[in-house]
Amino acid sequence: MTLKNVLETLSTQFSDCLTLLPEFRGETTLILTDKNRIADLATQLKMQHGFDYLVDISSIDNFGQEPRYEIVYEFYSYKNGYYLRIKTVVSEEDIQLPTLTSVYATANWHEREIYDMMGIQFTGHPDLRRILMWEGYPYFPLRKDFPLEGLSSEIPDGPFTAPAPMEGGPFVTEPATHISEREPRSKSPLPQS
């Protein structure tokens, strides 16, 4: 079965909520307008169309727009050798969508990371807890309204209890006429041997 056949079949099965975007640089993208059907679509992709690998799930914060969040799923078929991207959106008022962990085991960590960094809930996830930040951390660091210096937390003796100073960190750059002269360099020069 070719990718064209897969797209035709999916367009028939999900005709009320699936839109094919024009191909761009050899990449095929579908827009799923009903986020609650993502698990049904993923099941069809895996069971009937040979997409046996969920490569990645990522999230985008379109701060200032509604719906605010975009979730991007990347699927691959080892048997047929082609990729397929599915995009759906999540609004600020209903910041959840179904988990894919029952279809693809790899969704577990991807969804936990999106929950941890963006605050998007995955209903039905077997273990939706933070994966990078500590439990009890009240913020979501990859949201665009999260300040670069961080936010204070009320966790006693916890790391990052105060915002970080924005003074250049361990590396600094200086104005230069050529980009190779502007590469970050350590503040303290290395000893010459």
# chains A, B, ... in the order shown; residues from 1 in each chain; ligands from 1
$ residues_around --residues "Asn36 (chain A)" --least-positions-apart "4" --cutoff "12 Å" --atoms "only C-alpha atoms" --output "PDB file with all heavy atoms, in the first residue's frame"
ATOM      1  N   CYS A  17     -13.057  15.246  10.157  1.00  0.00           N
ATOM      2  CA  CYS A  17     -12.098  15.933  11.033  1.00  0.00           C
ATOM      3  C   CYS A  17     -10.651  15.866  10.572  1.00  0.00           C
ATOM      4  O   CYS A  17      -9.747  16.193  11.336  1.00  0.00           O
ATOM      5  CB  CYS A  17     -12.204  15.369  12.453  1.00  0.00           C
ATOM      6  SG  CYS A  17     -11.816  13.621  12.569  1.00  0.00           S
ATOM      7  N   LEU A  32      -5.695  17.200  12.252  1.00  0.00           N
ATOM      8  CA  LEU A  32      -6.832  16.554  12.909  1.00  0.00           C
ATOM      9  C   LEU A  32      -7.566  17.615  13.710  1.00  0.00           C
ATOM     10  O   LEU A  32      -7.041  18.118  14.705  1.00  0.00           O
ATOM     11  CB  LEU A  32      -6.346  15.422  13.819  1.00  0.00           C
ATOM     12  CG  LEU A  32      -7.417  14.628  14.556  1.00  0.00           C
ATOM     13  CD1 LEU A  32      -8.272  13.831  13.585  1.00  0.00           C
ATOM     14  CD2 LEU A  32      -6.788  13.713  15.590  1.00  0.00           C
ATOM     15  N   ASP A  40      -7.970   7.033  18.058  1.00  0.00           N
ATOM     16  CA  ASP A  40      -8.584   6.250  16.981  1.00  0.00           C
ATOM     17  C   ASP A  40      -7.743   6.315  15.712  1.00  0.00           C
ATOM     18  O   ASP A  40      -7.508   5.302  15.050  1.00  0.00           O
ATOM     19  CB  ASP A  40      -9.996   6.769  16.667  1.00  0.00           C
ATOM     20  CG  ASP A  40     -10.949   6.633  17.841  1.00  0.00           C
ATOM     21  OD1 ASP A  40     -10.724   5.757  18.695  1.00  0.00           O
ATOM     22  OD2 ASP A  40     -11.923   7.415  17.902  1.00  0.00           O
ATOM     23  N   LEU A  41      -7.271   7.512  15.395  1.00  0.00           N
ATOM     24  CA  LEU A  41      -6.443   7.687  14.203  1.00  0.00           C
ATOM     25  C   LEU A  41      -5.123   6.935  14.341  1.00  0.00           C
ATOM     26  O   LEU A  41      -4.688   6.246  13.415  1.00  0.00           O
ATOM     27  CB  LEU A  41      -6.199   9.177  13.957  1.00  0.00           C
ATOM     28  CG  LEU A  41      -5.330   9.553  12.773  1.00  0.00           C
ATOM     29  CD1 LEU A  41      -5.875   8.983  11.473  1.00  0.00           C
ATOM     30  CD2 LEU A  41      -5.200  11.063  12.672  1.00  0.00           C
ATOM     31  N   ALA A  42      -4.489   7.022  15.504  1.00  0.00           N
ATOM     32  CA  ALA A  42      -3.226   6.316  15.729  1.00  0.00           C
ATOM     33  C   ALA A  42      -3.409   4.803  15.647  1.00  0.00           C
ATOM     34  O   ALA A  42      -2.558   4.096  15.102  1.00  0.00           O
ATOM     35  CB  ALA A  42      -2.648   6.707  17.084  1.00  0.00           C
ATOM     36  N   THR A  88      -2.599  18.478  15.759  1.00  0.00           N
ATOM     37  CA  THR A  88      -3.882  18.826  16.355  1.00  0.00           C
ATOM     38  C   THR A  88      -3.645  19.966  17.334  1.00  0.00           C
ATOM     39  O   THR A  88      -2.506  20.267  17.676  1.00  0.00           O
ATOM     40  CB  THR A  88      -4.559  17.607  17.031  1.00  0.00           C
ATOM     41  OG1 THR A  88      -5.908  17.919  17.331  1.00  0.00           O
ATOM     42  CG2 THR A  88      -3.815  17.154  18.265  1.00  0.00           C
ATOM     43  N   VAL A  89      -4.722  20.610  17.754  1.00  0.00           N
ATOM     44  CA  VAL A  89      -4.580  21.760  18.644  1.00  0.00           C
ATOM     45  C   VAL A  89      -5.323  21.538  19.952  1.00  0.00           C
ATOM     46  O   VAL A  89      -6.276  20.764  20.021  1.00  0.00           O
ATOM     47  CB  VAL A  89      -5.083  23.065  17.978  1.00  0.00           C
ATOM     48  CG1 VAL A  89      -4.173  23.468  16.833  1.00  0.00           C
ATOM     49  CG2 VAL A  89      -6.510  22.936  17.518  1.00  0.00           C
ATOM     50  N   VAL A  90      -4.845  22.228  21.001  1.00  0.00           N
ATOM     51  CA  VAL A  90      -5.426  22.143  22.335  1.00  0.00           C
ATOM     52  C   VAL A  90      -5.606  23.568  22.845  1.00  0.00           C
ATOM     53  O   VAL A  90      -4.677  24.366  22.792  1.00  0.00           O
ATOM     54  CB  VAL A  90      -4.498  21.351  23.285  1.00  0.00           C
ATOM     55  CG1 VAL A  90      -5.053  21.307  24.690  1.00  0.00           C
ATOM     56  CG2 VAL A  90      -4.248  19.956  22.759  1.00  0.00           C
ATOM     57  N   ASP A  94      -9.450  23.861  27.633  1.00  0.00           N
ATOM     58  CA  ASP A  94      -9.570  22.404  27.686  1.00  0.00           C
ATOM     59  C   ASP A  94      -8.206  21.818  27.339  1.00  0.00           C
ATOM     60  O   ASP A  94      -7.998  21.286  26.258  1.00  0.00           O
ATOM     61  CB  ASP A  94     -10.647  21.933  26.703  1.00  0.00           C
ATOM     62  CG  ASP A  94     -10.918  20.438  26.814  1.00  0.00           C
ATOM     63  OD1 ASP A  94     -10.602  19.846  27.867  1.00  0.00           O
ATOM     64  OD2 ASP A  94     -11.430  19.855  25.838  1.00  0.00           O
ATOM     65  N   ILE A  95      -7.278  21.913  28.271  1.00  0.00           N
ATOM     66  CA  ILE A  95      -5.869  21.607  28.018  1.00  0.00           C
ATOM     67  C   ILE A  95      -5.569  20.123  28.236  1.00  0.00           C
ATOM     68  O   ILE A  95      -4.752  19.739  29.055  1.00  0.00           O
ATOM     69  CB  ILE A  95      -4.976  22.536  28.853  1.00  0.00           C
ATOM     70  CG1 ILE A  95      -3.546  22.476  28.396  1.00  0.00           C
ATOM     71  CG2 ILE A  95      -5.124  22.296  30.321  1.00  0.00           C
ATOM     72  CD1 ILE A  95      -2.690  23.618  28.857  1.00  0.00           C
ATOM     73  N   GLN A  96      -6.272  19.286  27.477  1.00  0.00           N
ATOM     74  CA  GLN A  96      -6.058  17.848  27.570  1.00  0.00           C
ATOM     75  C   GLN A  96      -6.418  17.181  26.253  1.00  0.00           C
ATOM     76  O   GLN A  96      -7.159  17.733  25.453  1.00  0.00           O
ATOM     77  CB  GLN A  96      -6.901  17.267  28.700  1.00  0.00           C
ATOM     78  CG  GLN A  96      -8.386  17.446  28.520  1.00  0.00           C
ATOM     79  CD  GLN A  96      -9.165  16.902  29.701  1.00  0.00           C
ATOM     80  OE1 GLN A  96      -8.640  16.164  30.517  1.00  0.00           O
ATOM     81  NE2 GLN A  96     -10.431  17.263  29.796  1.00  0.00           N
ATOM     82  N   LEU A  97      -5.870  15.994  26.060  1.00  0.00           N
ATOM     83  CA  LEU A  97      -6.229  15.155  24.934  1.00  0.00           C
ATOM     84  C   LEU A  97      -5.924  13.706  25.305  1.00  0.00           C
ATOM     85  O   LEU A  97      -5.213  13.447  26.271  1.00  0.00           O
ATOM     86  CB  LEU A  97      -5.527  15.591  23.652  1.00  0.00           C
ATOM     87  CG  LEU A  97      -4.032  15.474  23.501  1.00  0.00           C
ATOM     88  CD1 LEU A  97      -3.687  15.530  22.020  1.00  0.00           C
ATOM     89  CD2 LEU A  97      -3.344  16.617  24.182  1.00  0.00           C
ATOM     90  N   PRO A  98      -6.470  12.748  24.561  1.00  0.00           N
ATOM     91  CA  PRO A  98      -6.286  11.341  24.916  1.00  0.00           C
ATOM     92  C   PRO A  98      -4.837  10.877  24.768  1.00  0.00           C
ATOM     93  O   PRO A  98      -4.110  11.346  23.900  1.00  0.00           O
ATOM     94  CB  PRO A  98      -7.180  10.602  23.914  1.00  0.00           C
ATOM     95  CG  PRO A  98      -8.138  11.615  23.400  1.00  0.00           C
ATOM     96  CD  PRO A  98      -7.417  12.919  23.447  1.00  0.00           C
ATOM     97  N   THR A  99      -4.450   9.957  25.609  1.00  0.00           N
ATOM     98  CA  THR A  99      -3.119   9.367  25.536  1.00  0.00           C
ATOM     99  C   THR A  99      -3.035   8.368  24.384  1.00  0.00           C
ATOM    100  O   THR A  99      -4.044   7.801  23.963  1.00  0.00           O
ATOM    101  CB  THR A  99      -2.766   8.657  26.856  1.00  0.00           C
ATOM    102  OG1 THR A  99      -1.422   8.178  26.777  1.00  0.00           O
ATOM    103  CG2 THR A  99      -3.695   7.495  27.154  1.00  0.00           C
ATOM    104  N   LEU A 100      -1.821   8.151  23.902  1.00  0.00           N
ATOM    105  CA  LEU A 100      -1.579   7.110  22.895  1.00  0.00           C
ATOM    106  C   LEU A 100      -0.814   5.928  23.482  1.00  0.00           C
ATOM    107  O   LEU A 100      -0.356   5.062  22.754  1.00  0.00           O
ATOM    108  CB  LEU A 100      -0.791   7.679  21.709  1.00  0.00           C
ATOM    109  CG  LEU A 100      -1.456   8.740  20.854  1.00  0.00           C
ATOM    110  CD1 LEU A 100      -0.627   9.027  19.613  1.00  0.00           C
ATOM    111  CD2 LEU A 100      -2.858   8.341  20.464  1.00  0.00           C
ATOM    112  N   PHE A 122      -2.778  14.370  29.484  1.00  0.00           N
ATOM    113  CA  PHE A 122      -3.098  13.264  28.582  1.00  0.00           C
ATOM    114  C   PHE A 122      -4.008  12.309  29.337  1.00  0.00           C
ATOM    115  O   PHE A 122      -3.549  11.555  30.198  1.00  0.00           O
ATOM    116  CB  PHE A 122      -1.820  12.571  28.096  1.00  0.00           C
ATOM    117  CG  PHE A 122      -1.029  13.420  27.148  1.00  0.00           C
ATOM    118  CD1 PHE A 122      -0.074  14.313  27.616  1.00  0.00           C
ATOM    119  CD2 PHE A 122      -1.272  13.365  25.784  1.00  0.00           C
ATOM    120  CE1 PHE A 122       0.634  15.121  26.759  1.00  0.00           C
ATOM    121  CE2 PHE A 122      -0.566  14.169  24.909  1.00  0.00           C
ATOM    122  CZ  PHE A 122       0.387  15.054  25.395  1.00  0.00           C
ATOM    123  N   THR A 123      -5.300  12.359  29.033  1.00  0.00           N
ATOM    124  CA  THR A 123      -6.278  11.545  29.752  1.00  0.00           C
ATOM    125  C   THR A 123      -6.060  10.065  29.446  1.00  0.00           C
ATOM    126  O   THR A 123      -5.812   9.684  28.305  1.00  0.00           O
ATOM    127  CB  THR A 123      -7.719  11.951  29.386  1.00  0.00           C
ATOM    128  OG1 THR A 123      -7.899  11.827  27.975  1.00  0.00           O
ATOM    129  CG2 THR A 123      -8.017  13.378  29.805  1.00  0.00           C
ATOM    130  N   GLY A 124      -6.113   9.270  30.494  1.00  0.00           N
ATOM    131  CA  GLY A 124      -5.909   7.832  30.352  1.00  0.00           C
ATOM    132  C   GLY A 124      -4.452   7.407  30.436  1.00  0.00           C
ATOM    133  O   GLY A 124      -4.153   6.219  30.356  1.00  0.00           O
TER     134      GLY A 124
END
$ residues_around --residues "Thr29 (chain A)" --least-positions-apart "2" --cutoff "7 Å" --atoms "only C-alpha atoms" --output "count of residues only"
7
$ atom_distance --atom1 "CA of Glu74 (chain A)" --atom2 "CA of Val55 (chain A)"
5.3 Å
$ closest_residue --among "A:Phe140, A:Pro147, A:Ser58, A:Leu7" --to "Trp109 (chain A)" --atoms "only C-alpha atoms"
A:Ser58
$ atom_distance --atom1 "CA of Leu128 (chain A)" --atom2 "CA of Asp116 (chain A)"
8.9 Å
$ select_by_dssp --residues "region 2-188 of chain A" --states "alpha helix (DSSP H)" --output "PyMOL selection string"
chain A and resi 3-13+38-49+107-118
$ atom_distance --atom1 "CA of Tyr73 (chain A)" --atom2 "CA of Ser59 (chain A)"
9.0 Å
$ residues_around --residues "Lys4 (chain A)" --least-positions-apart "3" --cutoff "12 Å" --atoms "only C-alpha atoms" --output "PyMOL selection string"
chain A and resi 1+7-11+20+23+28+49+80+82-84
$ residues_around --residues "Pro141 (chain A)" --least-positions-apart "3" --cutoff "7 Å" --atoms "only C-alpha atoms" --output "list in words"
Met117, Met118 and Phe146 of chain A
$ closest_residue --among "A:Ile57, A:Val103, A:Ala39, A:Leu45" --to "Lys87 (chain A)" --atoms "only C-alpha atoms"
A:Ile57
$ select_by_dssp --residues "region 30-115 of chain A" --states "strand (DSSP E or B)" --output "NGL selection string"
:A and (30-32 or 53-61 or 69-77 or 82-90 or 96-98)
$ write_last_selection --atoms "C-alpha atoms" --output "tab-separated table (two decimals), in the first residue's frame"
chain	number	residue	atom	x	y	z
A	30	LEU	CA	-2.51	15.91	8.21
A	31	ILE	CA	-4.49	18.27	10.44
A	32	LEU	CA	-6.83	16.55	12.91
A	53	TYR	CA	6.77	3.43	15.10
A	54	LEU	CA	5.77	6.62	16.89
A	55	VAL	CA	8.91	8.67	16.30
A	56	ASP	CA	8.07	11.73	18.39
A	57	ILE	CA	5.38	13.87	19.95
A	58	SER	CA	6.14	17.55	20.36
A	59	SER	CA	4.23	20.60	21.51
A	60	ILE	CA	4.20	24.21	20.40
A	61	ASP	CA	3.03	27.16	22.47
A	69	TYR	CA	-1.14	24.77	21.92
A	70	GLU	CA	-0.32	22.61	18.93
A	71	ILE	CA	0.62	18.94	19.33
A	72	VAL	CA	2.63	17.30	16.55
A	73	TYR	CA	2.84	13.51	16.14
A	74	GLU	CA	5.48	11.93	13.88
A	75	PHE	CA	4.78	8.37	12.68
A	76	TYR	CA	6.96	6.03	10.61
A	77	SER	CA	6.34	2.78	8.77
A	82	TYR	CA	7.47	6.51	4.85
A	83	TYR	CA	6.70	9.15	7.45
A	84	LEU	CA	3.44	10.85	8.35
A	85	ARG	CA	2.91	13.91	10.52
A	86	ILE	CA	-0.37	14.55	12.36
A	87	LYS	CA	-1.09	17.93	13.97
A	88	THR	CA	-3.88	18.83	16.36
A	89	VAL	CA	-4.58	21.76	18.64
A	90	VAL	CA	-5.43	22.14	22.33
A	96	GLN	CA	-6.06	17.85	27.57
A	97	LEU	CA	-6.23	15.15	24.93
A	98	PRO	CA	-6.29	11.34	24.92
